[in-house]
Amino acid sequence: MRHRHLLVGIATFGLVALGAAGCGSSGGSASGSKVVTVAYEDYGGDNQVGELMNKITPTFEKDHPGWKVQLEPIAAPENDYYTKLDLMNKSASTQPDVLYEDTFLINSDTDAGYLAPLDSYVNSWSDWSDFYSAAKTAVTATNGKVYGVPMETDARGLWYNKTLFAKAGLPVPWHPTTWAQVLSAAQTIKKKLPGVTPLQVYSGTPAGEATSMQGFEMLLYGTGETLYNHSDNKWVAPGSGFTSALNFIKTVYSTGLGPTPEQELNPNIGNIVSQQWLPEGKLAIDLDGSWLPSTWITGGPHPWPQWSTTMGWTSMPTEDGQGSDITTLSGGWALSIGTHAANKQMAWDLISLALNTQNATYYTEISGNLAVRTDVAAQPSYLKEQADIPFWSGLIKYTNFRPAYAVYPDLSNDIQQATEEVMTGQQSPAQAAANYDHSLTSTVGGSAVQGG
Amino acid sequence: MAARANAEGRALRPSAAWPAPAAPPPVRPRGRALRPAFSRTLTRLGPLAPAVVLLAVFMAAPIGWAVYASFTNEALTGVGAAGTSFIGFANFTRMFADPSFRQSLILTVVFTVGSGVIGQNVLGLLLALLMRGRNSIFRSVIGTIIVASWVIPEIVAAFVWYAYLNDQGTLNSALHFLHLPHPSWLYVYPMFSVIVANIWRGTAFSMLVYSAAMSSLPTDVMEAASVDGANAWQRLLRVTIPLLKRTIMTNLMLVTLQTLSVFTLIFALTAGGPGTASSTLPIYMYQEAFKFYQLGYGAAMTLVLLVIGAIFSLIYVRVLRVES
C-alpha cells in the first residue's frame, strides 16, 4: 500500500518534471530545419512586405531546393509592432531570421545585440553601389557597420483637397510659405465649409510614431530647433521652437481647426484619415507622408482612382518662412538579419533577392514609397506610377532624419505625451515642454543635454 | 458563528498536521529507522510535488524574476537588452522623482477606493441585504442579471461600456433624445467612467460573498433581537454587521487586490487617457515596460503595487480588528 503511494508520487513528480522540461524545449528553434523565417508588419491593409515575400518565395525555393520561406506577419499597429518584434528578438528560439526593421531602431536594436552586421555580404554584392548614400547612412549604426538593406524612404508634407480649396475660394495650386498661411487657409475652410475638418496634424500617444514624426517634428524642425545636435553629439533641451511647435498644435485643436481631440486620439486615426476622411472629402489639409497614395492605388486598401486629380501636394513651410521655407523629414525601413539566424547566408540570399532591381521596383510601386536605388528611381514605370513621386523625390534634398539612437523611442513617446497634454488642454505648451525637459534629462543624463 | 468556527477548524487541520512527518521520529536504532521515516515523508510529499513544481514554475519564478528585474536596467531594446546589469535602486529613485508616476499612484488609490472599497463593497452588501428573505424567483432572476455582468469576460464588459459611454453611444443617444446635455463621457470624465464600469462589473462578487455569509448567520440571534424590540436598522447595525465583520474584511481584501490590478477594462475604455487622466499604475506600468521598452522600470512598479496592496490589507486588519 505504502509502496504504491510512493510509486504514484514519484511517477507524478516525474511526469510534471518532464512536462516542464518539455515546455522549455518544444518551442525550439528551427536550427535543424531548412526554413528562413521572415517577420514583418501586416496591419490595417498595409501588407506590401507580405506581397513582396509571396512574390519572391517561389523563386527562392526553386533556387534553394529543400529550403522553405516561412512568413510571420505581425498584426499590430506601428508601436506594438516594435514591441512584439523585440519580444521575439529577446529569445533565440523565437527570433526571426529576416526582420522588417524601421531604420530609426537600428542603433538601439544593434546595442541590444539583435542584429547581425551585413558588411561582408553587402561589400560583395554588386547591387550595393546602386543604393543612395543617404539610405546607406540610415542603415549604418554608430559603430560604422551596416545592419540592414534599405527598402524604401519617404518624405513628409501637406496634402490638400483641391476641390474643397476651390469651393472655399482658396488658390490652387497652393504653396504656403509660413505657418500663419497654413492656419489662415484652415480658418477660411472652417468659415466657408462647415462640416469639413480644416487641418489634421497627428497628435497624441495613440498615433504613436506618426505623432512624433509627421506631426511634432515636422513643426519643430521648421523652427530651426532640432532634437539632437549632431556636431556636438548632445540632445537639445526644449527651447522656444519646441514651445512654438506645441503652440501650433494647441491652436489647431483648441480653435476648432482640427478634428476633435477625441477623434484624433482614436488609435486608428491613421487609417481613418487615409481611408475615410480624405477620400470622402471630409478633411481639407493633412500633414502626412508621401506614401498616402499606396492606400488609394488599384489593389490598395482603399482604391480611389480620383485621388491624383482631387488631391494636391505641397511642402510644409518653416515657421516664418526662414531658410528655404521648406521642411521635411525622412524615415525608411530595411530588411535585417537576426543575430540568431541559423543560416545567415540563406537569410542574405532571401534579402538580396527581395531587393534586387526588379523586386525593389515592384515593392516601391506597391508601397507608394520613394526609391532608395538609383536604378529603381530611373525606371519609367516608377515615375509613371504616381504623379506625385517627382515632387516628393525633390524634397529629399531638404530632408532631416530623426536621431536614431537607442533612447529615441523613449523620447519619442515623451513627445507624443507632450502633444496629447497640449491638445487635450491638460497642460500649457510651456508646461508640456518643461515635462519633456525633465524626462529628457532623466533619460539621457544631464551631461548629454545642451540648451535649446 | 459556531458553525463557521468549526468549518474553519476543519479546514485548518490538514496544514496543522503538516509539520508532523518532519518532526524528529522517536529514538530508534539508527540505520533501519531512517528508511521508513524517509519513505513515509516521500509518500506524503510525493503527491504534493506536482503542485509544488507548478507553483514554483508559474508563480514563484515570475515573482522572483520581477523582483530581480526591478533592480536591473532590463529593457526590450538598447543596451539594457544586451547586457542587463544591476543598477541598485535607480529604478525606484527615478520612479519617485517622476511626476506622472506620482499622479498614477494617486489615480490608482482613487480607482481602488472609489470602485472597489466603496462602490463594489457597499453596493454588494446592499444588494445582499435587499435579496435576503425575498422569494426564490426574485432572487434567481435578479441574481442572474447581476452575476451575468461578472461572468462575462472583462474585455466584453469593457466593450459593453464603450458602446454605452462613447460619444455616439447609447447613453448619449438617449440624452440627446431627451434634449439633455450629453458630454463625451470617456473624454471629459474618464476616471468617473472607468470607476462606474468597474463597479458594474465587480459588484456581483461582493454580493455573492455577502449573500453566502448571511445565509449562514444564526437565525436565533436575529429572532432574539426582534423579540427585544430592535427595528430593522438596529438589527442591521447591531447584529448583522458585527457578525459579518470577518466576511467584510475578507471581501475588502479580495476586492482591493482585484481592483488594484484592473488593466483590461481601463485600457479598452480610455487606454489611460486622455493624456494621463486615467492612467492607473497597471496602465502606466504597461506603457513603461512595453511601449517605452523599460522592462526593469516596469517591474519596479509591480513591487510598488504589491506594497500598496499590503498597506490596504494592514489598514483593514487594523480598522476592523477581527479577533481570531
# chains A, B, ... in the order shown; residues from 1 in each chain; ligands from 1

$ residues_around --residues "Gln214 of chain A" --least-positions-apart "4" --cutoff "7 Å" --atoms "only C-alpha atoms" --output "short mmCIF file (atom, residue, chain, number, x, y, z; two decimals) with C-alpha atoms, in the first residue's frame"
data_model
loop_
_atom_site.label_atom_id
_atom_site.label_comp_id
_atom_site.auth_asym_id
_atom_site.auth_seq_id
_atom_site.Cartn_x
_atom_site.Cartn_y
_atom_site.Cartn_z
CA ARG A 156 6.54 64.42 -45.45
CA TYR A 202 -1.04 63.89 -35.93
CA ALA A 210 3.17 59.26 -36.63
CA MET A 218 7.68 68.43 -38.88
CA LEU A 287 0.14 67.00 -42.73
CA ASP A 288 1.18 63.50 -43.70
CA GLY A 289 3.57 61.20 -45.54
#

$ interface_residues --of "chain B" --to "chain A" --cutoff "7 Å" --atoms "only C-alpha atoms" --output "ChimeraX atom specification"
/B:42-43,46-47,49-50,76-82,187,274-275,290-292

$ write_last_selection --atoms "C-alpha atoms" --output "PDB file, in the first residue's frame"
ATOM      1  CA  LEU B  42       8.319  10.848   0.451  1.00  0.00           C
ATOM      2  CA  THR B  43       4.935   9.144   0.423  1.00  0.00           C
ATOM      3  CA  GLY B  46       5.178  12.848  -3.381  1.00  0.00           C
ATOM      4  CA  PRO B  47       1.589  13.684  -4.288  1.00  0.00           C
ATOM      5  CA  ALA B  49       5.211  17.524  -5.721  1.00  0.00           C
ATOM      6  CA  PRO B  50       3.244  18.355  -8.880  1.00  0.00           C
ATOM      7  CA  LEU B  76      13.396  45.341 -24.720  1.00  0.00           C
ATOM      8  CA  THR B  77      15.906  47.124 -26.885  1.00  0.00           C
ATOM      9  CA  GLY B  78      19.085  49.154 -26.496  1.00  0.00           C
ATOM     10  CA  VAL B  79      21.982  48.443 -24.172  1.00  0.00           C
ATOM     11  CA  GLY B  80      19.753  47.148 -21.381  1.00  0.00           C
ATOM     12  CA  ALA B  81      18.628  44.292 -23.592  1.00  0.00           C
ATOM     13  CA  ALA B  82      22.120  43.086 -24.446  1.00  0.00           C
ATOM     14  CA  TYR B 187     -13.089  62.073 -22.611  1.00  0.00           C
ATOM     15  CA  PRO B 274      -6.961  61.420 -22.410  1.00  0.00           C
ATOM     16  CA  GLY B 275      -3.391  62.407 -21.724  1.00  0.00           C
ATOM     17  CA  PHE B 290       6.054  47.512 -23.408  1.00  0.00           C
ATOM     18  CA  LYS B 291       5.821  50.892 -25.093  1.00  0.00           C
ATOM     19  CA  PHE B 292       8.936  52.558 -23.718  1.00  0.00           C
TER      20      PHE B 292
END

$ closest_residue --among "B:Pro190, B:Gly296, B:Gly169, B:Pro36" --to "Ser279 of chain B" --atoms "only C-alpha atoms"
B:Pro190

$ residues_around --residues "segment 84-96 of chain B" --least-positions-apart "2" --cutoff "6 Å" --atoms "only C-alpha atoms" --output "JSON, numbers by chain"
{"B": [71, 72, 73, 74, 80, 98, 297]}

$ write_last_selection --atoms "N, CA and C atoms" --output "JSON list (two decimals), in the first residue's frame"
[["chain", "number", "residue", "atom", "x", "y", "z"],
["B", 71, "PHE", "N", 15.63, 45.62, -10.07],
["B", 71, "PHE", "CA", 16.92, 46.21, -9.67],
["B", 71, "PHE", "C", 17.91, 46.23, -10.83],
["B", 72, "THR", "N", 17.41, 45.98, -12.06],
["B", 72, "THR", "CA", 18.29, 45.97, -13.22],
["B", 72, "THR", "C", 17.81, 46.98, -14.25],
["B", 73, "ASN", "N", 18.59, 47.13, -15.31],
["B", 73, "ASN", "CA", 18.18, 48.01, -16.41],
["B", 73, "ASN", "C", 17.62, 47.18, -17.57],
["B", 74, "GLU", "N", 17.07, 46.01, -17.25],
["B", 74, "GLU", "CA", 16.47, 45.14, -18.27],
["B", 74, "GLU", "C", 15.56, 45.93, -19.20],
["B", 80, "GLY", "N", 20.34, 47.94, -22.45],
["B", 80, "GLY", "CA", 19.75, 47.15, -21.38],
["B", 80, "GLY", "C", 19.33, 45.76, -21.82],
["B", 98, "ASP", "N", 9.41, 61.00, -10.59],
["B", 98, "ASP", "CA", 8.63, 61.13, -11.81],
["B", 98, "ASP", "C", 7.21, 61.60, -11.48],
["B", 297, "TYR", "N", 12.16, 48.98, -15.25],
["B", 297, "TYR", "CA", 11.43, 50.06, -14.62],
["B", 297, "TYR", "C", 9.99, 49.63, -14.37]]

$ residues_around --residues "segment 234-243 of chain A" --least-positions-apart "6" --cutoff "10 Å" --atoms "only C-alpha atoms" --output "ChimeraX atom specification"
/A:216-217,219-228,249,319,403,428-438,440-441,444-452

$ residues_around --residues "segment 139-149 of chain B" --least-positions-apart "6" --cutoff "8 Å" --atoms "only C-alpha atoms" --output "mmCIF file with C-alpha atoms, in the first residue's frame"
data_model
loop_
_atom_site.group_PDB
_atom_site.id
_atom_site.type_symbol
_atom_site.label_atom_id
_atom_site.label_comp_id
_atom_site.auth_asym_id
_atom_site.auth_seq_id
_atom_site.Cartn_x
_atom_site.Cartn_y
_atom_site.Cartn_z
ATOM 1 C CA MET B 131 -32.034 39.973 -1.598
ATOM 2 C CA ALA B 157 -17.590 44.171 -20.291
ATOM 3 C CA TRP B 200 -20.931 47.451 -12.547
ATOM 4 C CA ARG B 201 -18.584 44.623 -13.336
ATOM 5 C CA GLY B 202 -17.384 43.698 -9.859
ATOM 6 C CA THR B 203 -20.377 44.208 -7.559
ATOM 7 C CA ALA B 204 -21.674 40.698 -8.162
ATOM 8 C CA PHE B 205 -18.599 39.248 -6.487
#

$ residues_around --residues "Gly114 of chain B" --least-positions-apart "6" --cutoff "9 Å" --atoms "only C-alpha atoms" --output "list in words"
Gln120, Phe192, Ile195, Val196 and Ile199 of chain B

$ atom_distance --atom1 "atom CA of Ile74 of chain A" --atom2 "atom CA of Thr140 of chain A"
25.1 Å

$ closest_residue --among "A:Thr142, A:Val372, A:Ile285, A:Thr37" --to "Asn233 of chain A" --atoms "only C-alpha atoms"
A:Thr142

$ closest_residue --among "A:Pro380, A:Pro259, A:Pro301, A:Pro198" --to "Thr361 of chain A" --atoms "only C-alpha atoms"
A:Pro380

$ select_by_dssp --residues "segment 250-448 of chain A" --states "strand (DSSP E)" --output "list in words"
Leu283, Ala284, Ile285, Asp286, Leu287, Asp288, Gly289, Met311, Gly312, Trp313, Thr314, Thr328, Leu329, Ser330, Gly332, Trp333, Ala334, Leu335, Ser336, Ile337, Thr399, Asn400 and Phe401 of chain A

$ write_last_selection --atoms "N, CA and C atoms" --output "PDB file, in the first residue's frame"
ATOM      1  N   LEU A 283     -11.877  66.152 -45.045  1.00  0.00           N
ATOM      2  CA  LEU A 283     -10.687  66.782 -44.489  1.00  0.00           C
ATOM      3  C   LEU A 283     -10.013  67.581 -45.590  1.00  0.00           C
ATOM      4  N   ALA A 284      -9.684  68.847 -45.303  1.00  0.00           N
ATOM      5  CA  ALA A 284      -9.149  69.702 -46.358  1.00  0.00           C
ATOM      6  C   ALA A 284      -7.625  69.660 -46.445  1.00  0.00           C
ATOM      7  N   ILE A 285      -6.945  69.751 -45.287  1.00  0.00           N
ATOM      8  CA  ILE A 285      -5.480  69.776 -45.309  1.00  0.00           C
ATOM      9  C   ILE A 285      -4.960  68.710 -44.342  1.00  0.00           C
ATOM     10  N   ASP A 286      -3.961  67.958 -44.779  1.00  0.00           N
ATOM     11  CA  ASP A 286      -3.447  66.866 -43.963  1.00  0.00           C
ATOM     12  C   ASP A 286      -1.921  66.904 -43.999  1.00  0.00           C
ATOM     13  N   LEU A 287      -1.325  67.049 -42.821  1.00  0.00           N
ATOM     14  CA  LEU A 287       0.139  66.996 -42.730  1.00  0.00           C
ATOM     15  C   LEU A 287       0.498  65.528 -42.605  1.00  0.00           C
ATOM     16  N   ASP A 288       1.062  64.959 -43.672  1.00  0.00           N
ATOM     17  CA  ASP A 288       1.180  63.499 -43.696  1.00  0.00           C
ATOM     18  C   ASP A 288       2.362  63.052 -44.559  1.00  0.00           C
ATOM     19  N   GLY A 289       2.417  61.765 -44.847  1.00  0.00           N
ATOM     20  CA  GLY A 289       3.570  61.201 -45.540  1.00  0.00           C
ATOM     21  C   GLY A 289       3.368  61.026 -47.025  1.00  0.00           C
ATOM     22  N   MET A 311      -6.578  65.403 -55.059  1.00  0.00           N
ATOM     23  CA  MET A 311      -5.607  65.808 -54.039  1.00  0.00           C
ATOM     24  C   MET A 311      -4.469  66.619 -54.636  1.00  0.00           C
ATOM     25  N   GLY A 312      -4.038  67.629 -53.888  1.00  0.00           N
ATOM     26  CA  GLY A 312      -2.837  68.356 -54.238  1.00  0.00           C
ATOM     27  C   GLY A 312      -1.792  68.111 -53.167  1.00  0.00           C
ATOM     28  N   TRP A 313      -0.531  68.356 -53.497  1.00  0.00           N
ATOM     29  CA  TRP A 313       0.515  68.138 -52.510  1.00  0.00           C
ATOM     30  C   TRP A 313       1.497  69.300 -52.558  1.00  0.00           C
ATOM     31  N   THR A 314       1.967  69.688 -51.406  1.00  0.00           N
ATOM     32  CA  THR A 314       2.911  70.810 -51.348  1.00  0.00           C
ATOM     33  C   THR A 314       3.784  70.638 -50.119  1.00  0.00           C
ATOM     34  N   THR A 328      11.068  69.076 -44.190  1.00  0.00           N
ATOM     35  CA  THR A 328      10.561  67.717 -44.351  1.00  0.00           C
ATOM     36  C   THR A 328      11.419  66.766 -43.546  1.00  0.00           C
ATOM     37  N   LEU A 329      10.874  65.591 -43.292  1.00  0.00           N
ATOM     38  CA  LEU A 329      11.626  64.565 -42.579  1.00  0.00           C
ATOM     39  C   LEU A 329      11.523  63.271 -43.363  1.00  0.00           C
ATOM     40  N   SER A 330      12.551  62.457 -43.260  1.00  0.00           N
ATOM     41  CA  SER A 330      12.514  61.161 -43.932  1.00  0.00           C
ATOM     42  C   SER A 330      12.788  60.049 -42.952  1.00  0.00           C
ATOM     43  N   GLY A 332      12.474  55.460 -43.086  1.00  0.00           N
ATOM     44  CA  GLY A 332      12.632  54.369 -44.037  1.00  0.00           C
ATOM     45  C   GLY A 332      12.715  53.057 -43.313  1.00  0.00           C
ATOM     46  N   TRP A 333      12.491  52.011 -44.058  1.00  0.00           N
ATOM     47  CA  TRP A 333      12.533  50.677 -43.484  1.00  0.00           C
ATOM     48  C   TRP A 333      13.597  49.856 -44.195  1.00  0.00           C
ATOM     49  N   ALA A 334      14.063  48.820 -43.540  1.00  0.00           N
ATOM     50  CA  ALA A 334      15.125  47.988 -44.102  1.00  0.00           C
ATOM     51  C   ALA A 334      14.834  46.534 -43.766  1.00  0.00           C
ATOM     52  N   LEU A 335      15.522  45.650 -44.458  1.00  0.00           N
ATOM     53  CA  LEU A 335      15.481  44.233 -44.081  1.00  0.00           C
ATOM     54  C   LEU A 335      16.796  43.902 -43.380  1.00  0.00           C
ATOM     55  N   SER A 336      16.700  43.313 -42.197  1.00  0.00           N
ATOM     56  CA  SER A 336      17.897  42.981 -41.420  1.00  0.00           C
ATOM     57  C   SER A 336      17.926  41.490 -41.132  1.00  0.00           C
ATOM     58  N   ILE A 337      19.079  41.029 -40.653  1.00  0.00           N
ATOM     59  CA  ILE A 337      19.211  39.615 -40.295  1.00  0.00           C
ATOM     60  C   ILE A 337      19.397  39.518 -38.785  1.00  0.00           C
ATOM     61  N   THR A 399      15.791  67.186 -46.603  1.00  0.00           N
ATOM     62  CA  THR A 399      15.258  66.334 -45.539  1.00  0.00           C
ATOM     63  C   THR A 399      16.074  66.322 -44.257  1.00  0.00           C
ATOM     64  N   ASN A 400      15.384  65.992 -43.174  1.00  0.00           N
ATOM     65  CA  ASN A 400      16.021  65.772 -41.866  1.00  0.00           C
ATOM     66  C   ASN A 400      15.778  64.325 -41.471  1.00  0.00           C
ATOM     67  N   PHE A 401      16.684  63.771 -40.701  1.00  0.00           N
ATOM     68  CA  PHE A 401      16.469  62.434 -40.158  1.00  0.00           C
ATOM     69  C   PHE A 401      16.293  62.524 -38.652  1.00  0.00           C
TER      70      PHE A 401
END

$ closest_residue --among "B:Leu126, B:Leu105, B:Ala268, B:Val304" --to "Val156 of chain B" --atoms "only C-alpha atoms"
B:Ala268

$ atom_distance --atom1 "atom CA of Ala186 of chain A" --atom2 "atom CA of Gln168 of chain B"
26.3 Å

$ select_by_dssp --residues "segment 68-189 of chain B" --states "alpha helix (DSSP H)" --output "MDAnalysis selection string"
chainID B and resid 68:69 79:82 90:97 99:111 121:131 136:151 154:165 170:177 185:188

$ closest_residue --among "B:Tyr189, B:Tyr162, B:Tyr293, B:Trp150" --to "Ser206 of chain B" --atoms "only C-alpha atoms"
B:Trp150

$ residues_around --residues "Pro293 of chain A" --least-positions-apart "5" --cutoff "8 Å" --atoms "only C-alpha atoms" --output "PyMOL selection string"
chain A and resi 307+368+386

$ closest_residue --among "A:Trp128, A:Lys397, A:Met346, A:Trp291" --to "Glu152 of chain A" --atoms "only C-alpha atoms"
A:Trp291

$ decode --residues "segment 382-440 of chain A" --atoms "C-alpha atoms" --output "PDB file, in the first residue's frame"
ATOM      1  CA  TYR A 382       8.220  54.036 -61.168  1.00  0.00           C
ATOM      2  CA  LEU A 383       7.951  57.607 -62.378  1.00  0.00           C
ATOM      3  CA  LYS A 384       4.763  56.954 -64.307  1.00  0.00           C
ATOM      4  CA  GLU A 385       3.052  55.091 -61.469  1.00  0.00           C
ATOM      5  CA  GLN A 386       2.248  58.153 -59.426  1.00  0.00           C
ATOM      6  CA  ALA A 387       2.159  61.774 -60.463  1.00  0.00           C
ATOM      7  CA  ASP A 388       3.356  62.931 -57.055  1.00  0.00           C
ATOM      8  CA  ILE A 389       6.592  60.924 -56.978  1.00  0.00           C
ATOM      9  CA  PRO A 390       8.850  63.544 -58.657  1.00  0.00           C
ATOM     10  CA  PHE A 391       7.683  66.162 -56.130  1.00  0.00           C
ATOM     11  CA  TRP A 392       8.485  64.015 -53.099  1.00  0.00           C
ATOM     12  CA  SER A 393      11.797  62.847 -54.541  1.00  0.00           C
ATOM     13  CA  GLY A 394      12.650  66.519 -54.986  1.00  0.00           C
ATOM     14  CA  LEU A 395      12.042  67.150 -51.281  1.00  0.00           C
ATOM     15  CA  ILE A 396      14.705  64.650 -50.225  1.00  0.00           C
ATOM     16  CA  LYS A 397      17.432  67.282 -50.554  1.00  0.00           C
ATOM     17  CA  TYR A 398      15.813  69.326 -47.758  1.00  0.00           C
ATOM     18  CA  THR A 399      15.258  66.334 -45.539  1.00  0.00           C
ATOM     19  CA  ASN A 400      16.021  65.772 -41.866  1.00  0.00           C
ATOM     20  CA  PHE A 401      16.469  62.434 -40.158  1.00  0.00           C
ATOM     21  CA  ARG A 402      15.419  61.535 -36.652  1.00  0.00           C
ATOM     22  CA  PRO A 403      18.203  60.996 -34.133  1.00  0.00           C
ATOM     23  CA  ALA A 404      18.420  57.219 -34.477  1.00  0.00           C
ATOM     24  CA  TYR A 405      19.784  56.450 -31.025  1.00  0.00           C
ATOM     25  CA  ALA A 406      18.678  53.851 -28.512  1.00  0.00           C
ATOM     26  CA  VAL A 407      16.872  56.419 -26.353  1.00  0.00           C
ATOM     27  CA  TYR A 408      14.929  57.920 -29.265  1.00  0.00           C
ATOM     28  CA  PRO A 409      11.888  55.610 -28.898  1.00  0.00           C
ATOM     29  CA  ASP A 410      11.642  56.648 -25.268  1.00  0.00           C
ATOM     30  CA  LEU A 411      11.897  60.371 -26.059  1.00  0.00           C
ATOM     31  CA  SER A 412       9.540  59.944 -28.980  1.00  0.00           C
ATOM     32  CA  ASN A 413       6.962  58.676 -26.515  1.00  0.00           C
ATOM     33  CA  ASP A 414       7.598  61.694 -24.289  1.00  0.00           C
ATOM     34  CA  ILE A 415       6.963  63.929 -27.294  1.00  0.00           C
ATOM     35  CA  GLN A 416       3.691  62.139 -28.030  1.00  0.00           C
ATOM     36  CA  GLN A 417       2.693  62.622 -24.414  1.00  0.00           C
ATOM     37  CA  ALA A 418       3.514  66.325 -24.607  1.00  0.00           C
ATOM     38  CA  THR A 419       1.360  66.785 -27.716  1.00  0.00           C
ATOM     39  CA  GLU A 420      -1.512  64.908 -26.065  1.00  0.00           C
ATOM     40  CA  GLU A 421      -1.365  67.026 -22.937  1.00  0.00           C
ATOM     41  CA  VAL A 422      -1.445  70.156 -25.061  1.00  0.00           C
ATOM     42  CA  MET A 423      -4.195  69.069 -27.451  1.00  0.00           C
ATOM     43  CA  THR A 424      -6.432  67.999 -24.575  1.00  0.00           C
ATOM     44  CA  GLY A 425      -5.756  71.251 -22.749  1.00  0.00           C
ATOM     45  CA  GLN A 426      -4.422  69.424 -19.693  1.00  0.00           C
ATOM     46  CA  GLN A 427      -1.237  71.442 -19.850  1.00  0.00           C
ATOM     47  CA  SER A 428       0.002  74.574 -21.500  1.00  0.00           C
ATOM     48  CA  PRO A 429       2.713  74.268 -24.180  1.00  0.00           C
ATOM     49  CA  ALA A 430       5.237  75.685 -21.697  1.00  0.00           C
ATOM     50  CA  GLN A 431       4.333  73.112 -19.019  1.00  0.00           C
ATOM     51  CA  ALA A 432       4.456  70.250 -21.532  1.00  0.00           C
ATOM     52  CA  ALA A 433       7.853  71.468 -22.750  1.00  0.00           C
ATOM     53  CA  ALA A 434       9.085  71.579 -19.150  1.00  0.00           C
ATOM     54  CA  ASN A 435       7.906  67.980 -18.687  1.00  0.00           C
ATOM     55  CA  TYR A 436       9.803  66.921 -21.788  1.00  0.00           C
ATOM     56  CA  ASP A 437      12.862  68.717 -20.434  1.00  0.00           C
ATOM     57  CA  HIS A 438      12.539  66.733 -17.232  1.00  0.00           C
ATOM     58  CA  SER A 439      12.162  63.352 -18.987  1.00  0.00           C
ATOM     59  CA  LEU A 440      14.984  64.184 -21.389  1.00  0.00           C
TER      60      LEU A 440
END
